[in-house]
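> Starting off with a structure, shown below.
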Amino acid sequence: MAEKKIIAVVGATGNQGGGLVRAILGDGSGAFAVRALTRNPESEKAQELARLGAEVVQADLDSAPTVRAAFDGAYGAFCVTFFWEHFVPEKELVQAGIMAQAAKAAGLKHVVWSTLEDTRKLVPLTDNRMPTLNEKYKVPHFDAKAEANRAFAQFGVPVTYMLTSFYWENLLYLGMGPKRGKDGKLQLQLPMGDKRLAGIAADDIGKCAFCIFRAGFDLLGKTVAFAGDHLTGAQMAGAIGKELGETVSYNPITPEEYRRLGTPGAEELGNMFQYFQEFESEFCATRNLESARILNPSLQTFGGWVSRNKDRIPRS
């Protein structure tokens with residue numbers, strides 16, 4: 001392992017980090033090794049990574065010494081925060097600062113920071129088209145990550161900023177998938193109107209991060225964005241219906257209706273979808289599909305993802 005470039009992966013048992021761990025372990029070149037960072041090395045997911053060949057170490061983003069120790073001796077690190085565990089944007093800022101400082105102190109050569117746009121650049125806090133949340137944000141999990149970019153720059157970390165897209169796995173886990181109406185027919189309900197949604201398979205995000213590490217220093221200081229497809233709600237419904245073997249209709253609702261659902265994070269997600277709608281051109285243009293596939297030719301399309309996951313898509 002000492003001869004290989006060690007990548008320390010934050011959130012190794014999660015969607016993004018887990019995808020990167022598996023990508024490194026599956027790399028036939030042998031140029032990289034993986035150090036899987038997790039709060040609980042004894043968890044079932046962590047132990048599975050160890051069995052696959054990862055070095056599993058304990059690290060907690062709320063504990064700077066553990067992050068610093070986990071980065072020591074590594075070539076690079078994949079850094080990500082976990083807003084949906086706590087819903088506190090300020091916590092993301094602190095955690096990003098801890099990772100940036102640790103990366104600088106450890107002398108890492110390449111860091112990939114999973115981030116997003118600051119929505120307030122296009123929707124200022126004074127703009128009432130969507131509510132301001134926590135007095136400081138329009139879409140907190142976007143805005144805080146964008147703010148955290150400064151930490152990596154201020155500490156002089158050799159970093160590539162990686163912009164992600166809407167996880168298609170949200171259709172499986174967050175209640176966004178098709179539901180049966182009173183007529184017994186499936187409907188996909190999203191607050192996207194007739195606009196395209198830039199999406200990606202969660203597991204592909206880690207693979208894309210590995211492509212950045214393999215590209216080397218040419219991408220330092222740059223922002224790289226990834227998506228697997230840009231599709232309207234109607235196109236997504238059609239692709240799901242094709243694989244399920246039954247009609248799935250698209251039922252667009254408004255972002256305001258989504259904000260009123262009362263589910264955890266509904267206000268934030270309503271704002272997010274409104275941002276996707278109103279700035280579809282800018283959001284999708286940043287996530288150019290051709291450029292993304294130049295870096296990662298194996299990126300899944302939505303149709304391919306649905307085909308692989310059709311048995312997991314809710315039909316009730």
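Ordering of the structure tokens sets the chain letters (A, B, ...), residue numbers begin anew at 1 in every chain, and ligands are numbered from 1 in the order given.
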Pick out the residues sitting within 7 Å of Leu116 of chain A, and hand them over as a VMD selection string; count only C-alpha atoms, and ignore anything fewer than 5 positions along from it in its own chain.
chain A and resid 142 145 to 146 163 to 164
> Could you pull out the strand (DSSP E) residues of segment 116-264 of chain A, going by DSSP on the backbone, and write them as a count of residues only?
27
> What's around Ser29 of chain A at 12 Å? Count only C-alpha atoms, leave out sequence neighbours fewer than 6 positions away in its own chain, and write the answer as a PyMOL selection string.
chain A and resi 4-5+23+214
> Go through segment 133-293 of chain A and collect every residue that DSSP, computed from the backbone, puts in alpha helix (DSSP H); the answer should be as a count of residues only.
75
> Interatomic distance between atom CA of Asn15 of chain A and atom CA of Gly206 of chain A?
7.8 Å
> Have a look at A:Met130, A:Ala151, A:Gly304, A:Gly177 and name the one nearest to Arg259 of chain A; count only C-alpha atoms.
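Checking each candidate against Arg259 of chain A, we get A:Met130 as the closest.
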> I'd like the neighbourhood of Gln277 of chain A as number ranges by chain, where a residue qualifies if any of its atoms comes within 10 Å (using only C-alpha atoms), though same-chain residues fewer than 6 positions away should be ignored.
A: 191-197, 255, 271, 283
> For Met236 of chain A, list every protein, DNA or RNA residue within 10 Å, evaluated using only C-alpha atoms, and leave out those in the same chain fewer than 3 positions away; present the list as a VMD selection string.
chain A and resid 188 196 to 197 230 to 233 239 to 242 248 to 250 302 to 303 306
